[in-house]
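One file, query12.cif, is given below (mmCIF, C-alpha atoms and all ligand atoms).
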data_my_file
loop_
_atom_site.label_atom_id
_atom_site.label_comp_id
_atom_site.auth_asym_id
_atom_site.auth_seq_id
_atom_site.Cartn_x
_atom_site.Cartn_y
_atom_site.Cartn_z
CA MET A 1 -8.87 -22.70 -6.63
CA ASN A 2 -5.58 -22.76 -4.77
CA ALA A 3 -5.78 -24.52 -1.43
CA ILE A 4 -4.10 -22.44 1.28
CA PRO A 5 -0.93 -24.33 2.29
CA SER A 6 -0.07 -24.98 5.91
CA PHE A 7 3.70 -25.38 5.62
CA ALA A 8 6.43 -23.00 6.72
CA PRO A 9 7.72 -21.44 3.50
CA GLN A 10 11.35 -21.63 2.40
CA PRO A 11 12.88 -18.43 0.95
CA ILE A 12 11.89 -18.02 -2.68
CA THR A 13 14.82 -18.60 -5.08
CA ASP A 14 15.85 -16.22 -7.85
CA ILE A 15 14.51 -18.60 -10.51
CA GLU A 16 11.18 -18.83 -8.70
CA VAL A 17 11.05 -15.04 -8.45
CA ARG A 18 11.51 -14.75 -12.20
CA ASN A 19 8.85 -17.40 -12.88
CA ALA A 20 6.38 -15.72 -10.54
CA LEU A 21 7.04 -12.36 -12.17
CA ASP A 22 6.57 -13.85 -15.64
CA ILE A 23 3.21 -15.33 -14.58
CA ALA A 24 2.11 -11.98 -13.11
CA VAL A 25 3.21 -10.04 -16.19
CA GLU A 26 1.25 -12.34 -18.51
CA GLN A 27 -1.84 -11.82 -16.38
CA VAL A 28 -1.34 -8.04 -16.65
CA ARG A 29 -1.00 -8.44 -20.43
CA ARG A 30 -4.25 -10.43 -20.59
CA ASN A 31 -5.97 -7.63 -18.66
CA LEU A 32 -4.94 -4.80 -21.01
CA PRO A 33 -7.99 -4.97 -23.31
CA LYS A 34 -10.38 -4.64 -20.39
CA PHE A 35 -8.47 -2.05 -18.37
CA THR A 36 -6.55 0.22 -20.74
CA TYR A 37 -9.36 2.79 -20.92
CA ALA A 38 -10.93 1.82 -17.58
CA SER A 39 -9.93 1.34 -13.97
CA GLN A 40 -9.94 -1.86 -12.00
CA ASN A 41 -12.39 -2.07 -9.11
CA HIS A 42 -10.72 -2.01 -5.69
CA SER A 43 -11.44 -5.71 -5.27
CA SER A 44 -12.65 -8.61 -7.33
CA VAL A 45 -16.13 -10.10 -7.26
CA ASP A 46 -15.90 -13.91 -7.20
CA ASN A 47 -12.24 -13.38 -8.11
CA ILE A 48 -12.98 -11.30 -11.22
CA TYR A 49 -12.27 -7.56 -11.20
CA PRO A 50 -15.00 -5.47 -12.83
CA ALA A 51 -14.01 -2.43 -14.91
CA VAL A 52 -15.00 0.88 -13.27
CA SER A 53 -14.36 4.57 -13.80
CA ASN A 54 -11.34 6.30 -12.30
CA ASP A 55 -12.90 7.49 -9.04
CA GLN A 56 -11.71 5.11 -6.32
CA TRP A 57 -8.73 5.54 -3.94
CA THR A 58 -7.23 2.37 -5.37
CA ALA A 59 -7.07 3.32 -9.05
CA GLY A 60 -3.29 3.88 -9.05
CA PHE A 61 -2.35 0.27 -8.39
CA TRP A 62 -3.40 -1.13 -11.76
CA PRO A 63 -1.26 1.37 -13.76
CA GLY A 64 1.51 0.61 -11.26
CA GLU A 65 1.29 -3.04 -12.27
CA ILE A 66 1.46 -2.02 -15.92
CA TRP A 67 4.63 0.00 -15.25
CA LEU A 68 6.18 -2.93 -13.40
CA ALA A 69 5.33 -5.16 -16.37
CA TYR A 70 6.95 -2.59 -18.65
CA GLU A 71 10.10 -2.56 -16.55
CA HIS A 72 10.29 -6.34 -16.47
CA THR A 73 9.79 -6.85 -20.21
CA GLY A 74 10.65 -3.55 -21.94
CA ASP A 75 7.54 -4.22 -24.05
CA LYS A 76 6.18 -0.90 -25.37
CA ILE A 77 2.60 -2.16 -25.24
CA PHE A 78 2.77 -1.68 -21.47
CA GLN A 79 4.20 1.82 -21.81
CA TYR A 80 1.40 2.88 -24.19
CA ALA A 81 -1.29 1.47 -21.92
CA ALA A 82 0.17 3.07 -18.80
CA GLN A 83 0.45 6.46 -20.53
CA ILE A 84 -3.22 6.25 -21.51
CA GLN A 85 -3.92 5.76 -17.81
CA VAL A 86 -1.81 8.84 -17.01
CA GLN A 87 -4.21 10.98 -19.08
CA SER A 88 -7.10 9.69 -16.99
CA PHE A 89 -5.23 10.59 -13.80
CA LEU A 90 -4.45 14.09 -15.11
CA HIS A 91 -8.12 14.58 -15.92
CA ARG A 92 -9.08 13.34 -12.46
CA ILE A 93 -6.85 15.73 -10.52
CA VAL A 94 -7.47 18.76 -12.78
CA ASN A 95 -11.20 18.27 -12.30
CA ARG A 96 -10.83 17.11 -8.69
CA ILE A 97 -12.91 13.98 -9.25
CA GLU A 98 -13.12 12.13 -5.92
CA THR A 99 -9.88 13.66 -4.71
CA ASP A 100 -11.17 15.14 -1.47
CA HIS A 101 -9.26 12.69 0.73
CA HIS A 102 -5.67 11.84 1.59
CA ASP A 103 -4.98 8.96 -0.78
CA MET A 104 -3.13 11.05 -3.35
CA GLY A 105 0.07 9.03 -2.90
CA PHE A 106 -1.63 5.69 -3.48
CA LEU A 107 -3.22 7.19 -6.58
CA TYR A 108 -0.40 9.21 -8.09
CA SER A 109 2.91 7.53 -7.10
CA PRO A 110 2.53 4.21 -8.94
CA SER A 111 0.73 5.78 -11.92
CA CYS A 112 2.13 9.26 -12.58
CA VAL A 113 5.38 9.54 -10.61
CA ALA A 114 6.30 6.20 -12.20
CA ALA A 115 5.45 7.59 -15.66
CA TRP A 116 7.71 10.59 -15.12
CA LYS A 117 10.57 8.57 -13.67
CA LEU A 118 10.46 5.79 -16.26
CA VAL A 119 9.65 7.53 -19.53
CA GLY A 120 9.71 11.26 -18.74
CA ASP A 121 5.94 11.66 -19.18
CA LYS A 122 5.42 15.40 -18.51
CA ASP A 123 1.70 15.01 -17.90
CA GLY A 124 2.54 12.42 -15.28
CA ARG A 125 4.79 14.93 -13.53
CA LYS A 126 2.16 17.68 -13.76
CA ALA A 127 -0.60 15.43 -12.42
CA ALA A 128 1.52 14.17 -9.54
CA LEU A 129 2.50 17.72 -8.50
CA LEU A 130 -1.16 18.77 -8.57
CA ALA A 131 -1.97 15.74 -6.41
CA ALA A 132 0.72 16.77 -3.93
CA ASP A 133 -0.84 20.27 -3.80
CA GLN A 134 -4.19 18.68 -3.05
CA LEU A 135 -2.69 16.48 -0.33
CA ILE A 136 -1.06 19.29 1.62
CA GLU A 137 -4.38 21.18 1.61
CA ARG A 138 -5.54 18.52 4.08
CA PHE A 139 -2.77 19.31 6.58
CA GLN A 140 -4.10 20.38 9.97
CA PRO A 141 -1.62 22.58 11.87
CA ILE A 142 -3.68 22.05 15.03
CA GLY A 143 -2.56 18.50 15.80
CA GLN A 144 0.06 18.43 13.01
CA PHE A 145 -1.41 15.78 10.72
CA ILE A 146 -3.01 15.20 7.34
CA GLN A 147 -6.75 14.67 7.80
CA ALA A 148 -7.73 11.41 6.12
CA TRP A 149 -11.31 11.80 5.07
CA GLY A 150 -14.35 14.01 5.15
CA ARG A 151 -14.96 17.70 5.65
CA LYS A 152 -11.83 19.40 6.89
CA GLY A 153 -11.78 20.62 10.47
CA VAL A 154 -15.01 19.06 11.79
CA ALA A 155 -14.53 17.21 15.08
CA GLU A 156 -16.08 13.91 13.96
CA GLU A 157 -13.69 13.73 10.99
CA TYR A 158 -10.62 15.16 12.73
CA ARG A 159 -8.37 12.13 12.40
CA TYR A 160 -5.56 10.57 10.43
CA ILE A 161 -4.98 6.90 9.66
CA ILE A 162 -1.86 4.76 9.71
CA ASP A 163 -2.21 3.97 5.98
CA CYS A 164 -1.36 7.60 5.20
CA LEU A 165 2.34 6.90 5.80
CA LEU A 166 2.33 5.46 2.28
CA ASN A 167 0.91 8.69 0.86
CA LEU A 168 3.91 10.66 2.13
CA PRO A 169 6.50 9.62 -0.48
CA LEU A 170 4.50 11.66 -3.02
CA LEU A 171 5.25 14.72 -0.90
CA TYR A 172 8.98 13.96 -0.59
CA TRP A 173 9.08 13.48 -4.34
CA ALA A 174 7.17 16.75 -4.93
CA SER A 175 9.69 18.75 -2.91
CA ALA A 176 12.65 17.16 -4.65
CA GLU A 177 11.02 17.73 -8.03
CA SER A 178 9.77 21.29 -7.51
CA GLY A 179 12.48 22.57 -5.20
CA ASP A 180 9.76 23.76 -2.79
CA PRO A 181 10.29 22.35 0.73
CA LYS A 182 6.64 22.82 1.79
CA TYR A 183 5.57 19.30 0.77
CA ARG A 184 8.43 17.60 2.58
CA GLU A 185 7.79 19.65 5.72
CA VAL A 186 4.20 18.40 5.90
CA ALA A 187 5.32 14.80 5.36
CA LEU A 188 7.98 14.96 8.07
CA VAL A 189 5.55 16.37 10.61
CA HIS A 190 2.76 13.92 9.77
CA ALA A 191 5.13 10.94 10.09
CA ARG A 192 6.25 12.13 13.53
CA THR A 193 2.65 12.58 14.67
CA THR A 194 1.88 9.03 13.55
CA LEU A 195 4.86 7.64 15.42
CA ALA A 196 3.89 9.55 18.57
CA ASN A 197 0.28 8.32 18.75
CA SER A 198 -0.48 5.30 16.59
CA VAL A 199 1.75 2.66 18.19
CA ARG A 200 0.30 1.04 21.29
CA PRO A 201 2.48 -0.04 24.26
CA ASP A 202 2.25 -3.68 23.06
CA ASP A 203 3.62 -2.63 19.61
CA SER A 204 0.38 -3.14 17.75
CA THR A 205 -1.14 -0.13 15.97
CA TYR A 206 -4.33 1.84 15.85
CA HIS A 207 -5.94 2.10 12.47
CA THR A 208 -7.31 5.64 12.81
CA PHE A 209 -6.48 8.28 15.38
CA TYR A 210 -8.59 11.27 16.45
CA MET A 211 -7.04 14.58 17.43
CA ASP A 212 -8.63 17.46 19.31
CA PRO A 213 -9.52 20.21 16.81
CA VAL A 214 -9.19 22.94 19.45
CA THR A 215 -6.05 21.95 21.36
CA GLY A 216 -4.41 19.57 18.86
CA ALA A 217 -3.98 16.97 21.61
CA PRO A 218 -4.24 13.26 20.76
CA VAL A 219 -7.71 11.98 21.67
CA ARG A 220 -8.14 8.27 20.91
CA GLY A 221 -7.46 5.43 18.51
CA VAL A 222 -10.43 3.89 16.74
CA THR A 223 -10.69 1.23 14.06
CA LYS A 224 -12.58 1.42 10.82
CA GLN A 225 -11.55 -1.80 9.08
CA GLY A 226 -10.01 -3.82 11.91
CA TYR A 227 -12.01 -6.17 14.10
CA SER A 228 -12.22 -3.79 17.07
CA ASP A 229 -10.68 -0.58 18.38
CA GLU A 230 -8.08 -2.46 20.42
CA SER A 231 -7.27 -5.26 17.96
CA ALA A 232 -4.54 -5.06 15.31
CA TRP A 233 -5.91 -4.87 11.78
CA ALA A 234 -3.48 -6.96 9.73
CA ARG A 235 -3.19 -4.51 6.86
CA GLY A 236 -2.91 -1.54 9.19
CA GLN A 237 0.04 -3.19 10.94
CA ALA A 238 1.65 -3.79 7.52
CA TRP A 239 1.02 -0.17 6.46
CA GLY A 240 2.73 0.78 9.73
CA ILE A 241 5.75 -1.47 9.08
CA ALA A 242 6.20 -0.30 5.48
CA GLY A 243 5.44 3.26 6.56
CA MET A 244 8.19 3.19 9.19
CA ALA A 245 10.64 1.96 6.53
CA PHE A 246 9.74 4.82 4.17
CA SER A 247 9.82 7.34 7.02
CA TYR A 248 13.30 6.09 7.90
CA ARG A 249 14.38 6.42 4.28
CA TYR A 250 13.32 10.07 4.14
CA GLU A 251 14.35 11.00 7.69
CA PRO A 252 16.69 8.44 9.27
CA LEU A 253 15.60 8.90 12.88
CA PRO A 254 16.50 5.88 15.04
CA GLU A 255 12.92 5.97 16.40
CA TYR A 256 11.54 4.90 13.01
CA ARG A 257 13.89 1.96 12.83
CA GLU A 258 13.06 0.90 16.38
CA ALA A 259 9.33 1.18 15.70
CA PHE A 260 9.79 -0.85 12.51
CA GLU A 261 11.39 -3.66 14.56
CA ARG A 262 8.71 -3.56 17.25
CA LEU A 263 5.79 -3.55 14.81
CA LEU A 264 7.42 -6.32 12.82
CA ALA A 265 7.95 -8.51 15.91
CA PHE A 266 4.30 -8.10 16.88
CA TYR A 267 3.24 -9.05 13.35
CA LEU A 268 5.53 -12.07 13.02
CA ASN A 269 4.38 -13.45 16.37
CA ARG A 270 0.80 -13.57 15.14
CA LEU A 271 1.23 -15.14 11.73
CA PRO A 272 -0.06 -18.59 10.85
CA THR A 273 2.48 -21.17 9.69
CA ASP A 274 2.39 -20.01 6.07
CA MET A 275 3.20 -16.40 7.09
CA VAL A 276 0.07 -14.87 5.52
CA PRO A 277 -2.07 -13.25 8.22
CA TYR A 278 -5.75 -13.48 8.89
CA TRP A 279 -7.42 -10.14 8.21
CA ASP A 280 -7.02 -9.08 11.82
CA LEU A 281 -4.04 -10.26 13.88
CA THR A 282 -6.40 -11.13 16.72
CA PHE A 283 -7.43 -14.25 14.80
CA SER A 284 -5.65 -17.60 14.62
CA ASP A 285 -6.16 -20.90 12.83
CA LYS A 286 -9.06 -21.95 15.04
CA ASP A 287 -11.25 -18.93 14.18
CA GLY A 288 -12.08 -19.77 10.56
CA GLU A 289 -11.61 -16.16 9.42
CA PRO A 290 -10.34 -15.16 5.94
CA ARG A 291 -6.76 -14.16 5.27
CA ASP A 292 -5.56 -10.80 3.98
CA SER A 293 -2.84 -11.80 1.53
CA SER A 294 -2.29 -8.12 0.66
CA SER A 295 -0.97 -7.51 4.16
CA ALA A 296 1.85 -10.00 3.52
CA SER A 297 2.78 -8.34 0.21
CA ILE A 298 2.86 -4.87 1.77
CA ASN A 299 4.92 -6.22 4.63
CA ALA A 300 7.39 -7.85 2.24
CA CYS A 301 7.86 -4.52 0.43
CA GLY A 302 8.44 -2.80 3.78
CA LEU A 303 11.08 -5.39 4.68
CA LEU A 304 12.82 -4.94 1.35
CA GLU A 305 12.67 -1.16 1.64
CA MET A 306 14.27 -1.26 5.10
CA ALA A 307 16.83 -3.82 3.90
CA ASP A 308 18.24 -1.16 1.57
CA LEU A 309 18.80 1.23 4.49
CA VAL A 310 20.43 -0.83 7.24
CA PRO A 311 23.70 -2.70 7.87
CA ARG A 312 24.25 -6.05 6.16
CA GLU A 313 23.19 -8.46 8.91
CA ASP A 314 19.82 -6.85 9.49
CA ALA A 315 19.33 -6.45 5.77
CA ALA A 316 19.91 -10.17 5.27
CA ARG A 317 17.35 -10.99 7.96
CA TYR A 318 14.72 -8.72 6.41
CA ARG A 319 15.37 -10.06 2.92
CA GLU A 320 15.06 -13.64 4.07
CA LEU A 321 11.74 -12.91 5.77
CA ALA A 322 10.47 -11.20 2.64
CA ARG A 323 11.57 -14.15 0.52
CA ARG A 324 9.66 -16.56 2.79
CA MET A 325 6.48 -14.51 2.61
CA ILE A 326 6.67 -14.12 -1.13
CA LYS A 327 7.37 -17.84 -1.56
CA SER A 328 4.18 -18.55 0.34
CA LEU A 329 2.20 -16.11 -1.78
CA ALA A 330 3.70 -17.36 -5.05
CA ASP A 331 3.03 -21.02 -4.24
CA GLY A 332 -0.26 -20.86 -2.38
CA TYR A 333 -2.03 -17.63 -3.30
CA ALA A 334 -0.94 -16.39 -6.74
CA VAL A 335 -3.33 -17.03 -9.60
CA LYS A 336 -2.01 -19.76 -11.91
CA ASP A 337 -5.14 -20.38 -13.99
CA PRO A 338 -6.49 -17.23 -15.71
CA ALA A 339 -9.86 -18.93 -16.16
CA MET A 340 -10.32 -18.70 -12.39
CA SER A 341 -9.44 -15.05 -11.89
CA ASN A 342 -8.21 -11.92 -13.67
CA GLY A 343 -6.30 -10.92 -10.53
CA LEU A 344 -2.79 -11.81 -9.44
CA VAL A 345 -3.20 -12.88 -5.81
CA LEU A 346 -6.19 -14.57 -4.16
CA HIS A 347 -7.41 -14.35 -0.57
CA GLY A 348 -7.15 -10.64 0.12
CA THR A 349 -9.64 -8.86 2.33
CA TYR A 350 -10.58 -5.24 1.75
CA SER A 351 -12.95 -4.69 4.65
CA LYS A 352 -14.84 -7.24 6.69
CA LYS A 353 -17.72 -6.12 8.83
CA SER A 354 -17.50 -6.96 12.53
CA PRO A 355 -19.80 -6.00 15.43
CA PHE A 356 -17.17 -3.46 16.49
CA ASN A 357 -16.04 -1.71 13.31
CA THR A 358 -17.59 0.86 11.00
CA CYS A 359 -16.73 -0.42 7.53
CA ARG A 360 -19.27 -1.50 4.95
CA GLY A 361 -17.92 -4.97 4.38
CA GLU A 362 -16.69 -5.60 0.84
CA GLY A 363 -13.99 -7.50 -0.98
CA VAL A 364 -13.77 -10.33 1.56
CA ASP A 365 -11.57 -13.24 0.47
CA GLU A 366 -11.03 -11.70 -2.96
CA CYS A 367 -8.19 -10.32 -5.03
CA VAL A 368 -7.52 -6.69 -4.04
CA SER A 369 -5.79 -4.26 -6.36
CA TRP A 370 -3.07 -3.13 -3.94
CA GLY A 371 -2.40 -6.77 -3.02
CA ASP A 372 -1.69 -7.52 -6.67
CA TYR A 373 0.46 -4.40 -7.00
CA TYR A 374 2.60 -4.94 -3.89
CA TYR A 375 3.09 -8.62 -4.73
CA MET A 376 4.53 -7.56 -8.10
CA GLU A 377 6.57 -4.78 -6.50
CA ALA A 378 8.07 -7.25 -4.02
CA LEU A 379 8.98 -9.60 -6.87
CA MET A 380 10.59 -6.70 -8.75
CA ARG A 381 12.55 -5.69 -5.67
CA LEU A 382 13.77 -9.28 -5.32
CA SER A 383 14.68 -9.60 -8.98
CA ARG A 384 16.95 -6.57 -9.44
CA THR A 385 18.10 -3.26 -7.97
CA TRP A 386 14.77 -1.54 -8.38
CA SER A 387 14.31 2.21 -8.40
CA SER A 388 11.15 2.93 -6.40
CA TYR A 389 8.06 4.80 -7.61
CA TRP A 390 7.53 5.89 -3.97
N1 LIG A 401 -5.95 2.33 2.77
C1 LIG A 401 -7.18 1.65 2.94
C2 LIG A 401 -7.03 0.19 3.04
O1 LIG A 401 -5.95 -0.31 3.20
O2 LIG A 401 -8.05 -0.49 2.94
#

How does this structure look as structure tokens?
Amino acid sequence: MNAIPSFAPQPITDIEVRNALDIAVEQVRRNLPKFTYASQNHSSVDNIYPAVSNDQWTAGFWPGEIWLAYEHTGDKIFQYAAQIQVQSFLHRIVNRIETDHHDMGFLYSPSCVAAWKLVGDKDGRKAALLAADQLIERFQPIGQFIQAWGRKGVAEEYRYIIDCLLNLPLLYWASAESGDPKYREVALVHARTTLANSVRPDDSTYHTFYMDPVTGAPVRGVTKQGYSDESAWARGQAWGIAGMAFSYRYEPLPEYREAFERLLAFYLNRLPTDMVPYWDLTFSDKDGEPRDSSSASINACGLLEMADLVPREDAARYRELARRMIKSLADGYAVKDPAMSNGLVLHGTYSKKSPFNTCRGEGVDECVSWGDYYYMEALMRLSRTWSSYW
């Protein structure tokens, strides 16, 4: 197994990007027999992903990897496999199988929006529009947010989470595609609510945030997967950074750019030498806690997204940071030996139980499907002018 390096990474070179992408694509190719008619579990078990049915919030990342492999190679085998996945996603949304939550963007952008954008798959378009319809049903006018989970309107479930910023691009796409502004309006309002409440004065972020179902006033921030309510969950901070970049793309308010900088500074100040965080930013080298490599990949994509939107000097700074993070992941975390793992990137953490959080505890120090996806997306962004699925 790869030993985690302790050196400060240099920016990854273009040749190294191409090599890393080639390695990732071959791993995706090896996985096709197991996962063309099945979904990948959200995380690996002893570094091997089991095949599962299409009912988890994470199911969109594997077809996203297939589409990225298709774009990198032009090999039709990837297109065929990804379009088989699209049928499963259409079936899922038509029959509303485990869709009663906010993760429609994570599910339908990398699978079905990608299918429509890349090969004009009409079922992909139909499925993604239905998913956008489902997502806006969760909008709560009292408090102005998309409710993340659970029965709509009940006080104990009346909250949104910072991760949802990455579900919003589906709504922007749906408005552009359908000509109906209602999706975009929900996304704009939800992003502003997140900015108003989820960033703490020290520039860390709350994972989840409760609102008052009667008055709509902000109530309190609470963690589910971070170490504690007042700590900074490493992936949540990365969702916040990438989410601010996407919010800025779709509504270029200076506040999003400023928040992006502040969240990023907090994150960078708490990274170990190799720039891949422990699963909560409260931890450092002395604590012996696992990393969350997926947080670094998400963060790199956020940096590269923002780099496309800002003047040259800032863009160069963001791209260099992203290249350093991806160099670290490619050298120290990416799977090189397929006998060891059918994933792409080791040392992710889905949710680790702590005395102060409410998660179940699963996928600790494993490959995680979004970690694999965002690692590949970051490599694609570094390798060419990439047209986003988001
Ligand atoms: N969006 C849930 C997670 O990042 O685990």

Shell of 7 Å around ligand LIG 401 (chain A) (only C-alpha atoms and all ligand atoms), written as a ChimeraX atom specification: /A:163,235-236,350-351

Å distance separating atom CA of A:Ala316 from atom CA of A:Ala259, one decimal place: 18.7 Å

Non-local contacts of A:Ala330 (8 Å; all atoms listed in the file; under 4 positions in same chain excluded) as a ChimeraX atom specification: /A:20,326,334

Residue nearest A:Gln147 - candidates A:Thr208, A:Ser297, A:Ser178, A:Ser284, atoms counted: all atoms listed in the file: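 Of the candidates, the smallest distance to A:Gln147 is held by A:Thr208.
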
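In this comparison, which uses only C-alpha atoms, the residue of A:Ile77, A:Tyr373, A:Cys164, A:Glu362 approaching A:Pro33 most closely is A:Ile77.
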
Interatomic distance, atom CA of A:Ala174 to atom CA of A:Met211 (Å, one decimal): 26.6 Å

Among the residues A:Asp292, A:Asp14, A:Asp46, A:Asp133, the one that comes closest to A:Asp372 [using all atoms listed in the file]: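 That would be A:Asp292, the residue with the smallest distance to A:Asp372.
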
Residues near A:Arg324, cut-off 8 Å, all atoms listed in the file, skip fewer than 5 positions along chain, as an MDAnalysis selection string: chainID A and resid 9:12 275

Give me the box for stretch 47-60 of chain A as lines of an AutoDock Vina configuration file, namely the centre and edge lengths in Å to one decimal of a box along x, y and z that holds every listed atom plus 3 Å on each side.
center_x = -9.1
center_y = -2.9
center_z = -9.4
size_x = 17.7
size_y = 26.9
size_z = 17.0

Around (-2.1, -12.9, -7.1) in the file's frame, which residues reach within 9 Å when counting all atoms listed in the file? Return as a PDB file with C-alpha atoms, keeping the file's coordinate frame?
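Okay, this is what ended up in selection.pdb:
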ATOM      1  CA  ALA A  24       2.110 -11.980 -13.110  1.00  0.00           C
ATOM      2  CA  SER A 293      -2.840 -11.800   1.530  1.00  0.00           C
ATOM      3  CA  LEU A 329       2.200 -16.110  -1.780  1.00  0.00           C
ATOM      4  CA  ALA A 330       3.700 -17.360  -5.050  1.00  0.00           C
ATOM      5  CA  TYR A 333      -2.030 -17.630  -3.300  1.00  0.00           C
ATOM      6  CA  ALA A 334      -0.940 -16.390  -6.740  1.00  0.00           C
ATOM      7  CA  VAL A 335      -3.330 -17.030  -9.600  1.00  0.00           C
ATOM      8  CA  LYS A 336      -2.010 -19.760 -11.910  1.00  0.00           C
ATOM      9  CA  GLY A 343      -6.300 -10.920 -10.530  1.00  0.00           C
ATOM     10  CA  LEU A 344      -2.790 -11.810  -9.440  1.00  0.00           C
ATOM     11  CA  VAL A 345      -3.200 -12.880  -5.810  1.00  0.00           C
ATOM     12  CA  LEU A 346      -6.190 -14.570  -4.160  1.00  0.00           C
ATOM     13  CA  HIS A 347      -7.410 -14.350  -0.570  1.00  0.00           C
ATOM     14  CA  CYS A 367      -8.190 -10.320  -5.030  1.00  0.00           C
ATOM     15  CA  VAL A 368      -7.520  -6.690  -4.040  1.00  0.00           C
ATOM     16  CA  GLY A 371      -2.400  -6.770  -3.020  1.00  0.00           C
ATOM     17  CA  ASP A 372      -1.690  -7.520  -6.670  1.00  0.00           C
ATOM     18  CA  TYR A 373       0.460  -4.400  -7.000  1.00  0.00           C
ATOM     19  CA  TYR A 375       3.090  -8.620  -4.730  1.00  0.00           C
ATOM     20  CA  MET A 376       4.530  -7.560  -8.100  1.00  0.00           C
TER      21      MET A 376
END

Interatomic distance, atom CA of A:Leu170 to atom CA of A:Val113 (Å, one decimal): 7.9 Å

Spatial neighbours of A:Arg125, max dist 12 Å, only C-alpha atoms, sep filter under 3 positions, as a PyMOL selection string: chain A and resi 83+86-87+89-90+108-122+128-132+170+173-174+177-178

For A:Leu168, the nearest of the candidates A:Lys126, A:Arg30, A:His102, A:Lys224, counting only C-alpha atoms: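 Comparing A:Lys126, A:Arg30, A:His102, A:Lys224 against A:Leu168, the winner is A:His102.
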
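Residues in contact range of A:Ser39, defined as at most 6 Å between only C-alpha atoms, with sequence neighbours fewer than 2 positions away removed, read Phe35, Ala51, Val52, Ser53 and Asn54 of chain A.
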
Selected residue of minimal separation from A:Glu26 among A:Val45, A:Pro338, A:Tyr256, A:Glu289, counting all atoms listed in the file: A:Pro338

Non-local contacts of stretch 299-310 of chain A (10 Å; only C-alpha atoms; under 5 positions in same chain excluded) as number ranges by chain: A: 234-235, 237-249, 252, 257, 260, 264, 267, 276, 294, 315-326, 374-382, 385, 388

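With distances restricted to only C-alpha atoms, A:Asp274 is the closest residue to A:Gly332 from A:Asp22, A:Asp274, A:Glu255, A:Glu71.
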
Within-7 Å shell of (-10.0, 11.2, 2.9) in input frame, only C-alpha atoms, as a list of chain:residue names: A:Asp100, A:His101, A:His102, A:Asp103, A:Gln147, A:Ala148, A:Trp149, A:Gly150
